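*Asks:* File follows, query.pdb with PDB, C-alpha atoms:
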ATOM      1  CA  MET Q 175       3.340  14.850  -0.922
ATOM      2  CA  ALA Q 176       0.912  13.543  -3.540
ATOM      3  CA  PRO Q 177       1.534  10.049  -4.894
ATOM      4  CA  THR Q 178       3.061   9.764  -8.321
ATOM      5  CA  ALA Q 179       1.837   7.286 -10.881
ATOM      6  CA  GLU Q 180       4.765   5.045  -9.833
ATOM      7  CA  THR Q 181       3.775   4.999  -6.129
ATOM      8  CA  LEU Q 182       0.062   4.875  -6.758
ATOM      9  CA  THR Q 183      -1.378   1.554  -5.624
ATOM     10  CA  ALA Q 184      -4.805   0.019  -5.931
ATOM     11  CA  GLU Q 185      -5.173   0.238  -2.145
ATOM     12  CA  ARG Q 186      -4.461   3.988  -2.123
ATOM     13  CA  ILE Q 187      -6.984   4.481  -4.903
ATOM     14  CA  LEU Q 188      -9.605   2.525  -2.960
ATOM     15  CA  GLU Q 189      -8.943   4.571   0.186
ATOM     16  CA  ALA Q 190      -9.325   7.799  -1.787
ATOM     17  CA  THR Q 191     -12.449   6.485  -3.498
ATOM     18  CA  GLU Q 192     -14.009   5.768  -0.136
ATOM     19  CA  GLU Q 193     -13.318   9.370   0.964
ATOM     20  CA  VAL Q 194     -14.713  10.775  -2.270
ATOM     21  CA  LEU Q 195     -17.829   8.626  -1.925
ATOM     22  CA  ARG Q 196     -18.253   9.803   1.657
ATOM     23  CA  ARG Q 197     -18.029  13.465   0.561
ATOM     24  CA  HIS Q 198     -19.974  13.389  -2.710
ATOM     25  CA  GLY Q 199     -22.141  10.274  -2.573
ATOM     26  CA  PRO Q 200     -22.319   7.639  -5.304
ATOM     27  CA  ALA Q 201     -24.358   9.738  -7.731
ATOM     28  CA  LYS Q 202     -21.856  12.601  -7.898
ATOM     29  CA  ALA Q 203     -18.501  10.909  -7.219
ATOM     30  CA  THR Q 204     -16.365  10.542 -10.328
ATOM     31  CA  VAL Q 205     -13.033   9.007 -11.232
ATOM     32  CA  VAL Q 206     -11.784  12.560 -11.827
ATOM     33  CA  ASP Q 207     -12.678  13.378  -8.192
ATOM     34  CA  VAL Q 208     -10.679  10.359  -7.026
ATOM     35  CA  ALA Q 209      -7.713  11.329  -9.176
ATOM     36  CA  ARG Q 210      -7.885  14.916  -7.917
ATOM     37  CA  ALA Q 211      -7.918  13.693  -4.295
ATOM     38  CA  LEU Q 212      -4.779  11.662  -5.035
ATOM     39  CA  GLY Q 213      -3.069  14.421  -7.005
ATOM     40  CA  VAL Q 214      -2.779  12.299 -10.151
ATOM     41  CA  SER Q 215      -4.409  12.205 -13.557
ATOM     42  CA  HIS Q 216      -7.571  10.181 -14.032
ATOM     43  CA  GLY Q 217      -5.589   8.073 -16.509
ATOM     44  CA  SER Q 218      -3.423   6.912 -13.582
ATOM     45  CA  VAL Q 219      -6.533   5.660 -11.803
ATOM     46  CA  TYR Q 220      -7.730   3.930 -14.968
ATOM     47  CA  ARG Q 221      -4.418   2.056 -15.188
ATOM     48  CA  HIS Q 222      -5.426   0.258 -11.981
ATOM     49  CA  PHE Q 223      -9.180   0.068 -12.597
ATOM     50  CA  ARG Q 224     -10.222  -0.059 -16.244
ATOM     51  CA  THR Q 225     -13.690   1.427 -15.692
ATOM     52  CA  LYS Q 226     -15.636   3.416 -13.141
ATOM     53  CA  ALA Q 227     -17.772   0.313 -12.594
ATOM     54  CA  ALA Q 228     -14.656  -1.765 -11.851
ATOM     55  CA  LEU Q 229     -13.510   0.823  -9.314
ATOM     56  CA  ARG Q 230     -16.909   0.877  -7.619
ATOM     57  CA  GLU Q 231     -17.007  -2.930  -7.561
ATOM     58  CA  ALA Q 232     -13.536  -3.045  -5.996
ATOM     59  CA  VAL Q 233     -14.378  -0.523  -3.299
ATOM     60  CA  THR Q 234     -17.574  -2.443  -2.492
ATOM     61  CA  LYS Q 235     -15.635  -5.709  -2.279
ATOM     62  CA  ARG Q 236     -13.060  -4.081   0.011
ATOM     63  CA  TRP Q 237     -15.842  -2.858   2.306
ATOM     64  CA  LEU Q 238     -17.502  -6.279   2.444
ATOM     65  CA  ASP Q 239     -14.175  -8.087   2.888
ATOM     66  CA  ARG Q 240     -13.546  -6.229   6.147
ATOM     67  CA  THR Q 241     -16.500  -8.040   7.692
ATOM     68  CA  SER Q 242     -15.496 -11.394   6.186
ATOM     69  CA  GLN Q 243     -11.984 -11.095   7.589
ATOM     70  CA  GLU Q 244     -13.266 -10.185  11.038
ATOM     71  CA  LEU Q 245     -15.467 -13.296  11.064
ATOM     72  CA  SER Q 246     -12.974 -15.704   9.513
ATOM     73  CA  GLY Q 247     -10.906 -16.035  12.677
ATOM     74  CA  ILE Q 248     -13.971 -17.041  14.671
ATOM     75  CA  ALA Q 249     -15.053 -19.618  12.103
ATOM     76  CA  THR Q 250     -11.669 -21.348  12.143
ATOM     77  CA  ASP Q 251     -10.927 -21.087  15.880
ATOM     78  CA  ALA Q 252     -10.836 -24.751  16.889
ATOM     79  CA  SER Q 253      -9.943 -23.792  20.489
ATOM     80  CA  ARG Q 254     -13.596 -22.866  21.104
ATOM     81  CA  ASP Q 255     -16.503 -25.273  20.999
ATOM     82  CA  PRO Q 256     -18.781 -24.991  17.936
ATOM     83  CA  GLU Q 257     -21.733 -23.533  19.851
ATOM     84  CA  THR Q 258     -19.573 -20.720  21.230
ATOM     85  CA  ARG Q 259     -18.114 -20.129  17.778
ATOM     86  CA  LEU Q 260     -21.579 -19.956  16.239
ATOM     87  CA  ARG Q 261     -22.858 -17.547  18.887
ATOM     88  CA  ASP Q 262     -19.731 -15.378  18.647
ATOM     89  CA  TRP Q 263     -19.789 -15.413  14.840
ATOM     90  CA  LEU Q 264     -23.417 -14.277  14.677
ATOM     91  CA  ALA Q 265     -22.879 -11.634  17.381
ATOM     92  CA  THR Q 266     -19.774 -10.321  15.627
ATOM     93  CA  LEU Q 267     -21.587 -10.115  12.289
ATOM     94  CA  PHE Q 268     -24.440  -8.201  13.900
ATOM     95  CA  ALA Q 269     -22.038  -5.862  15.718
ATOM     96  CA  ALA Q 270     -20.002  -5.215  12.558
ATOM     97  CA  LYS Q 271     -23.070  -4.305  10.516
ATOM     98  CA  ARG Q 272     -24.460  -2.088  13.280
ATOM     99  CA  ARG Q 273     -21.100  -0.372  13.639
ATOM    100  CA  LYS Q 274     -20.934   0.358   9.906
ATOM    101  CA  ALA Q 275     -24.464   1.751   9.887
ATOM    102  CA  GLY Q 276     -24.069   3.805  13.061
ATOM    103  CA  ASP Q 277     -20.494   5.078  12.883
ATOM    104  CA  ASP Q 278     -20.530   6.316   9.305
ATOM    105  CA  PRO Q 279     -24.133   6.597   8.086
ATOM    106  CA  GLU Q 280     -23.205   8.557   4.953
ATOM    107  CA  LEU Q 281     -20.769   5.909   3.779
ATOM    108  CA  PHE Q 282     -23.164   3.134   4.811
ATOM    109  CA  ALA Q 283     -25.896   4.694   2.657
ATOM    110  CA  THR Q 284     -23.406   4.999  -0.197
ATOM    111  CA  TYR Q 285     -22.520   1.338   0.069
ATOM    112  CA  MET Q 286     -26.179   0.371  -0.010
ATOM    113  CA  VAL Q 287     -26.330   1.992  -3.455
ATOM    114  CA  LEU Q 288     -23.073   0.372  -4.545
ATOM    115  CA  THR Q 289     -24.037  -3.120  -3.377
ATOM    116  CA  ASP Q 290     -27.252  -2.875  -5.379
ATOM    117  CA  GLU Q 291     -25.273  -2.192  -8.551
ATOM    118  CA  SER Q 292     -22.306  -4.469  -7.863
ATOM    119  CA  GLY Q 293     -21.665  -7.441 -10.055
ATOM    120  CA  SER Q 294     -20.368 -10.370  -8.065
ATOM    121  CA  ALA Q 295     -19.119  -8.657  -4.880
ATOM    122  CA  VAL Q 296     -22.270  -9.213  -2.830
ATOM    123  CA  ALA Q 297     -22.822 -12.777  -4.042
ATOM    124  CA  ASP Q 298     -19.178 -13.613  -3.310
ATOM    125  CA  HIS Q 299     -19.505 -12.055   0.151
ATOM    126  CA  VAL Q 300     -22.615 -14.079   0.998
ATOM    127  CA  ALA Q 301     -20.937 -17.249  -0.314
ATOM    128  CA  ASP Q 302     -17.898 -16.559   1.870
ATOM    129  CA  LEU Q 303     -20.026 -15.954   4.963
ATOM    130  CA  THR Q 304     -22.170 -19.052   4.433
ATOM    131  CA  GLY Q 305     -18.964 -21.013   3.829
ATOM    132  CA  GLN Q 306     -17.679 -19.863   7.219
ATOM    133  CA  LEU Q 307     -20.960 -20.869   8.845
ATOM    134  CA  THR Q 308     -20.745 -24.242   7.099
ATOM    135  CA  ARG Q 309     -17.348 -24.864   8.717
ATOM    136  CA  ILE Q 310     -18.802 -24.077  12.151
ATOM    137  CA  VAL Q 311     -21.790 -26.386  11.602
ATOM    138  CA  GLU Q 312     -19.489 -29.165  10.291
ATOM    139  CA  ALA Q 313     -17.325 -28.810  13.400
ATOM    140  CA  GLY Q 314     -20.456 -29.092  15.534
ATOM    141  CA  VAL Q 315     -21.585 -32.222  13.713
ATOM    142  CA  GLU Q 316     -18.101 -33.779  13.981
ATOM    143  CA  SER Q 317     -17.953 -33.073  17.726
ATOM    144  CA  GLY Q 318     -21.471 -34.380  18.288
ATOM    145  CA  ALA Q 319     -22.712 -30.985  19.505
ATOM    146  CA  PHE Q 320     -24.961 -30.355  16.469
ATOM    147  CA  VAL Q 321     -27.192 -32.503  14.326
ATOM    148  CA  SER Q 322     -27.359 -31.606  10.653
ATOM    149  CA  PRO Q 323     -27.651 -33.980   7.708
ATOM    150  CA  ALA Q 324     -26.497 -31.187   5.362
ATOM    151  CA  PRO Q 325     -24.229 -28.577   7.020
ATOM    152  CA  ALA Q 326     -24.135 -26.302   3.967
ATOM    153  CA  THR Q 327     -27.933 -26.192   3.804
ATOM    154  CA  THR Q 328     -28.092 -25.573   7.546
ATOM    155  CA  ALA Q 329     -25.545 -22.769   7.225
ATOM    156  CA  ARG Q 330     -27.571 -21.049   4.516
ATOM    157  CA  ALA Q 331     -30.700 -21.382   6.673
ATOM    158  CA  LEU Q 332     -28.873 -19.883   9.673
ATOM    159  CA  PHE Q 333     -27.682 -16.971   7.551
ATOM    160  CA  GLN Q 334     -31.094 -16.317   6.044
ATOM    161  CA  THR Q 335     -32.939 -16.732   9.339
ATOM    162  CA  THR Q 336     -30.742 -14.166  11.066
ATOM    163  CA  GLY Q 337     -31.020 -11.673   8.203
ATOM    164  CA  ARG Q 338     -32.831  -9.142  10.401
ATOM    165  CA  PHE Q 339     -29.564  -8.754  12.313
ATOM    166  CA  HIS Q 340     -27.168  -8.340   9.401
ATOM    167  CA  ASP Q 341     -29.011  -7.545   6.183
ATOM    168  CA  PRO Q 342     -28.637  -3.787   5.622
ATOM    169  CA  CYS Q 343     -32.282  -3.446   4.614
ATOM    170  CA  TYR Q 344     -33.059  -3.878   8.340
ATOM    171  CA  ALA Q 345     -30.586  -1.208   9.498
ATOM    172  CA  GLY Q 346     -33.445   0.971  10.743
ATOM    173  CA  ASP Q 347     -34.323  -1.718  13.307
ATOM    174  CA  TRP Q 348     -30.800  -1.980  14.720
ATOM    175  CA  THR Q 349     -31.176   0.965  17.085
ATOM    176  CA  ARG Q 350     -34.458  -0.217  18.613
ATOM    177  CA  PRO Q 351     -34.222  -0.784  22.371
ATOM    178  CA  ASP Q 352     -35.357  -4.421  22.164
ATOM    179  CA  ILE Q 353     -33.051  -5.456  19.315
ATOM    180  CA  GLU Q 354     -30.464  -7.086  21.607
ATOM    181  CA  SER Q 355     -33.070  -9.243  23.332
ATOM    182  CA  ASP Q 356     -34.596 -10.150  19.965
ATOM    183  CA  PHE Q 357     -31.143 -11.159  18.724
ATOM    184  CA  SER Q 358     -30.418 -13.281  21.817
ATOM    185  CA  ALA Q 359     -33.789 -15.005  21.585
ATOM    186  CA  ALA Q 360     -33.304 -15.810  17.904
ATOM    187  CA  VAL Q 361     -29.789 -17.209  18.432
ATOM    188  CA  ASP Q 362     -30.916 -19.263  21.442
ATOM    189  CA  LEU Q 363     -33.730 -20.767  19.387
ATOM    190  CA  LEU Q 364     -31.414 -21.631  16.491
ATOM    191  CA  VAL Q 365     -28.784 -23.199  18.742
ATOM    192  CA  ARG Q 366     -31.409 -25.302  20.534
ATOM    193  CA  GLY Q 367     -32.573 -26.537  17.153
ATOM    194  CA  LEU Q 368     -29.046 -27.585  16.219
ATOM    195  CA  ARG Q 369     -28.153 -29.376  19.428
ATOM    196  CA  ALA Q 370     -27.772 -33.112  19.286
ATOM    197  CA  SER Q 371     -29.649 -33.615  22.547
TER     198      SER Q 371
END
Now that the file is in, can you turn its structure into structure tokens?

*Replies:*
Amino acid sequence: MAPTAETLTAERILEATEEVLRRHGPAKATVVDVARALGVSHGSVYRHFRTKAALREAVTKRWLDRTSQELSGIATDASRDPETRLRDWLATLFAAKRRKAGDDPELFATYMVLTDESGSAVADHVADLTGQLTRIVEAGVESGAFVSPAPATTARALFQTTGRFHDPCYAGDWTRPDIESDFSAAVDLLVRGLRAS
């Protein structure tokens, strides 16, 4: 049964938008296609998202938020020491990005287009991720495991330095046979640099 305007939610629209983007790509996907997939009028979609750009921004944010949510639990897990949290956080970020690129390459390519045109979604995502890293670095400094006079600056440096393992522009490298050893070597180097002794 198709949703009616009364049962139509923003989440259902975003799910349908993702499917439409997967099928048609960002250049050809329209709000009318999304409405058709949901069995509603395009006006019903516009009641939730005022413009096509707002809909595309929301679907991009939803896609990015999945990664942020996956990492958030690691960043706040005080039961693990900060070094383990840092290593796990970086490994989980790398795995999440590789999974997105490898499991659904059409949608991944679509999101690369959408993130380039998005307003604040990407900047907000990066701010969230560096905020999570900041909490890990602060916990390391508080426990005496890490040395950092400015945890937020250190977190941004960690994020930027590991870009090869999470920035989508490097997705072509993620299937190389030596990528895992490169990742381990980079993380080991960064952790050694943070250690208090």

*Asks:* Tell me, as a PyMOL selection string, which residues lie within 8 Å of stretch 219-227 of chain Q, counting all atoms listed in the file; anything in the same chain fewer than 2 positions away does not count.

*Replies:* chain Q and resi 183-184+187+204-205+208-209+214-217+229-231

*Asks:* At a cut-off of 9 Å, using only C-alpha atoms, what residues contact Q:Leu195? Leave out same-chain residues fewer than 2 positions from it and give the result as a ChimeraX atom specification.

*Replies:* /Q:190-193,197-204,208,280-281,284-285

*Asks:* Centre and edge lengths, as JSON, for the axis-aligned box enclosing every listed atom of stretch 203-213 of chain Q with 6 Å of padding on each of the six sides, in Å to one decimal?

*Replies:*
{"center_x": -10.8, "center_y": 12.0, "center_z": -8.1, "size_x": 27.4, "size_y": 17.9, "size_z": 19.5}

*Asks:* Smallest atom-to-atom distance to Q:Ser322: which of Q:Ser294, Q:Leu288, Q:Gln306, Q:Leu368, using all atoms listed in the file?

*Replies:*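 When distances to Q:Ser322 are compared using all atoms listed in the file, the smallest one comes from Q:Leu368.
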
*Asks:* Starting from the displayed file, determine the output of the PyMOL selection byres ((chain Q and resi 357) around 10) and express the residue list as a PDB file with C-alpha atoms, in the coordinates of the input.

*Replies:*
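Saved as selection08.pdb:
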ATOM      1  CA  LEU Q 264     -23.417 -14.277  14.677  1.00  0.00           C
ATOM      2  CA  ALA Q 265     -22.879 -11.634  17.381  1.00  0.00           C
ATOM      3  CA  PHE Q 268     -24.440  -8.201  13.900  1.00  0.00           C
ATOM      4  CA  THR Q 336     -30.742 -14.166  11.066  1.00  0.00           C
ATOM      5  CA  ARG Q 338     -32.831  -9.142  10.401  1.00  0.00           C
ATOM      6  CA  PHE Q 339     -29.564  -8.754  12.313  1.00  0.00           C
ATOM      7  CA  ASP Q 352     -35.357  -4.421  22.164  1.00  0.00           C
ATOM      8  CA  ILE Q 353     -33.051  -5.456  19.315  1.00  0.00           C
ATOM      9  CA  GLU Q 354     -30.464  -7.086  21.607  1.00  0.00           C
ATOM     10  CA  SER Q 355     -33.070  -9.243  23.332  1.00  0.00           C
ATOM     11  CA  ASP Q 356     -34.596 -10.150  19.965  1.00  0.00           C
ATOM     12  CA  SER Q 358     -30.418 -13.281  21.817  1.00  0.00           C
ATOM     13  CA  ALA Q 359     -33.789 -15.005  21.585  1.00  0.00           C
ATOM     14  CA  ALA Q 360     -33.304 -15.810  17.904  1.00  0.00           C
ATOM     15  CA  VAL Q 361     -29.789 -17.209  18.432  1.00  0.00           C
ATOM     16  CA  ASP Q 362     -30.916 -19.263  21.442  1.00  0.00           C
ATOM     17  CA  LEU Q 363     -33.730 -20.767  19.387  1.00  0.00           C
TER      18      LEU Q 363
END

*Asks:* Please identify all polymer residues within 7 Å of Q:Ile310, counting only C-alpha atoms, omitting same-chain residues fewer than 6 positions from it, and present them as a ChimeraX atom specification.

*Replies:* /Q:249,256,259-260

*Asks:* Please report the interatomic distance between atom CA of Q:Trp237 and atom CA of Q:Ala313 in Å with one decimal.

*Replies:*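 Between these atoms lies a distance of 28.3 Å.
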
*Asks:* One number please: atom CA of Q:Phe333 to atom CA of Q:Arg272, in Å, one decimal.

*Replies:*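 It comes out at 16.3 Å.
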
*Asks:* Counting only C-alpha atoms, note down every residue that has an atom within 10 Å of the point (-25.8, -30.6, 14.3) (file coordinates), as a list in words.

*Replies:*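 Residues satisfying the cut-off, written out: Pro256, Glu257, Ile310, Val311, Glu312, Ala313, Gly314, Val315, Glu316, Ser317, Gly318, Ala319, Phe320, Val321, Ser322, Pro323, Ala324, Pro325, Thr328, Val365, Arg366, Gly367, Leu368, Arg369, Ala370 and Ser371 of chain Q.
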
*Asks:* Looking at all atoms listed in the file, which of Q:Thr349, Q:Arg261, Q:Arg186, Q:Leu245 is the one that sits closest to Q:Gly305?

*Replies:* Q:Leu245

*Asks:* Which of these residues is nearest to Q:Gly346, using only C-alpha atoms: Q:Gln243, Q:Ala301, Q:Gly276, Q:Arg236?

*Replies:*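 Going through Q:Gln243, Q:Ala301, Q:Gly276, Q:Arg236 one by one, the smallest distance to Q:Gly346 is for Q:Gly276.
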
*Asks:* Excluding Q:Val296 and its own-chain neighbours fewer than 4 positions away, which residues fall within 8 Å of it when counting all atoms listed in the file? Please give them as a PyMOL selection string.

*Replies:* chain Q and resi 235+238+289+292+300

*Asks:* Measuring atom to atom with only C-alpha atoms, identify which of Q:Leu188, Q:Ala270, Q:Ala252, Q:Val194 is nearest to Q:Val233.

*Replies:*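 For Q:Val233, the nearest of the candidates is Q:Leu188.
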
*Asks:* Take atom CA of Q:Trp348 and atom CA of Q:Met286 and report the distance between them in Å, one decimal.

*Replies:* 15.6 Å

*Asks:* Which of these residues is nearest to Q:Ser246, using only C-alpha atoms: Q:Val287, Q:Leu364, Q:Leu307, Q:Ala331?

*Replies:*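 Closest to Q:Ser246 of all the choices is Q:Leu307.
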
*Asks:* From the options Q:Thr250, Q:Thr234, Q:Ser218, Q:Gln334, which residue's atoms come nearest to Q:Glu291, counting only C-alpha atoms?

*Replies:*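 Among the listed residues, the smallest separation from Q:Glu291 belongs to Q:Thr234.
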
*Asks:* Using the block above, I'd like stretch 205-220 of chain Q written out, keeping N, CA, C and O atoms and formatting it as an mmCIF file, in the first residue's frame.

*Replies:*
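As written to disk, part_7.cif reads:
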data_model
loop_
_atom_site.group_PDB
_atom_site.id
_atom_site.type_symbol
_atom_site.label_atom_id
_atom_site.label_comp_id
_atom_site.auth_asym_id
_atom_site.auth_seq_id
_atom_site.Cartn_x
_atom_site.Cartn_y
_atom_site.Cartn_z
ATOM 1 N N VAL Q 205 12.321 15.298 -8.081
ATOM 2 C CA VAL Q 205 11.348 15.193 -6.993
ATOM 3 C C VAL Q 205 10.118 14.426 -7.484
ATOM 4 O O VAL Q 205 9.515 13.651 -6.737
ATOM 5 N N VAL Q 206 9.768 14.587 -8.741
ATOM 6 C CA VAL Q 206 8.638 13.843 -9.309
ATOM 7 C C VAL Q 206 8.921 12.343 -9.268
ATOM 8 O O VAL Q 206 8.045 11.541 -8.945
ATOM 9 N N ASP Q 207 10.176 11.949 -9.549
ATOM 10 C CA ASP Q 207 10.553 10.527 -9.457
ATOM 11 C C ASP Q 207 10.383 10.006 -8.032
ATOM 12 O O ASP Q 207 9.916 8.888 -7.812
ATOM 13 N N VAL Q 208 10.780 10.804 -7.069
ATOM 14 C CA VAL Q 208 10.649 10.420 -5.655
ATOM 15 C C VAL Q 208 9.175 10.273 -5.304
ATOM 16 O O VAL Q 208 8.763 9.276 -4.693
ATOM 17 N N ALA Q 209 8.384 11.237 -5.690
ATOM 18 C CA ALA Q 209 6.947 11.188 -5.409
ATOM 19 C C ALA Q 209 6.315 9.965 -6.062
ATOM 20 O O ALA Q 209 5.509 9.256 -5.446
ATOM 21 N N ARG Q 210 6.683 9.694 -7.298
ATOM 22 C CA ARG Q 210 6.151 8.533 -8.017
ATOM 23 C C ARG Q 210 6.521 7.244 -7.278
ATOM 24 O O ARG Q 210 5.689 6.347 -7.123
ATOM 25 N N ALA Q 211 7.751 7.143 -6.808
ATOM 26 C CA ALA Q 211 8.193 5.949 -6.077
ATOM 27 C C ALA Q 211 7.383 5.762 -4.791
ATOM 28 O O ALA Q 211 7.168 4.627 -4.339
ATOM 29 N N LEU Q 212 6.950 6.851 -4.203
ATOM 30 C CA LEU Q 212 6.164 6.798 -2.965
ATOM 31 C C LEU Q 212 4.657 6.694 -3.224
ATOM 32 O O LEU Q 212 3.884 6.464 -2.288
ATOM 33 N N GLY Q 213 4.249 6.923 -4.456
ATOM 34 C CA GLY Q 213 2.828 6.891 -4.773
ATOM 35 C C GLY Q 213 2.078 8.111 -4.272
ATOM 36 O O GLY Q 213 0.901 8.030 -3.919
ATOM 37 N N VAL Q 214 2.756 9.254 -4.239
ATOM 38 C CA VAL Q 214 2.139 10.501 -3.781
ATOM 39 C C VAL Q 214 2.419 11.596 -4.811
ATOM 40 O O VAL Q 214 3.193 11.409 -5.740
ATOM 41 N N SER Q 215 1.806 12.729 -4.616
ATOM 42 C CA SER Q 215 2.074 13.857 -5.511
ATOM 43 C C SER Q 215 3.390 14.516 -5.119
ATOM 44 O O SER Q 215 3.833 14.413 -3.965
ATOM 45 N N HIS Q 216 4.013 15.192 -6.071
ATOM 46 C CA HIS Q 216 5.266 15.877 -5.737
ATOM 47 C C HIS Q 216 5.032 16.986 -4.724
ATOM 48 O O HIS Q 216 5.921 17.325 -3.944
ATOM 49 N N GLY Q 217 3.814 17.523 -4.677
ATOM 50 C CA GLY Q 217 3.479 18.524 -3.660
ATOM 51 C C GLY Q 217 3.597 17.954 -2.248
ATOM 52 O O GLY Q 217 3.973 18.670 -1.316
ATOM 53 N N SER Q 218 3.291 16.671 -2.087
ATOM 54 C CA SER Q 218 3.421 16.024 -0.771
ATOM 55 C C SER Q 218 4.878 15.984 -0.333
ATOM 56 O O SER Q 218 5.194 16.159 0.849
ATOM 57 N N VAL Q 219 5.767 15.745 -1.287
ATOM 58 C CA VAL Q 219 7.200 15.735 -0.971
ATOM 59 C C VAL Q 219 7.644 17.151 -0.601
ATOM 60 O O VAL Q 219 8.367 17.350 0.375
ATOM 61 N N TYR Q 220 7.170 18.126 -1.357
ATOM 62 C CA TYR Q 220 7.550 19.517 -1.099
ATOM 63 C C TYR Q 220 7.016 20.034 0.248
ATOM 64 O O TYR Q 220 7.557 20.995 0.782
#
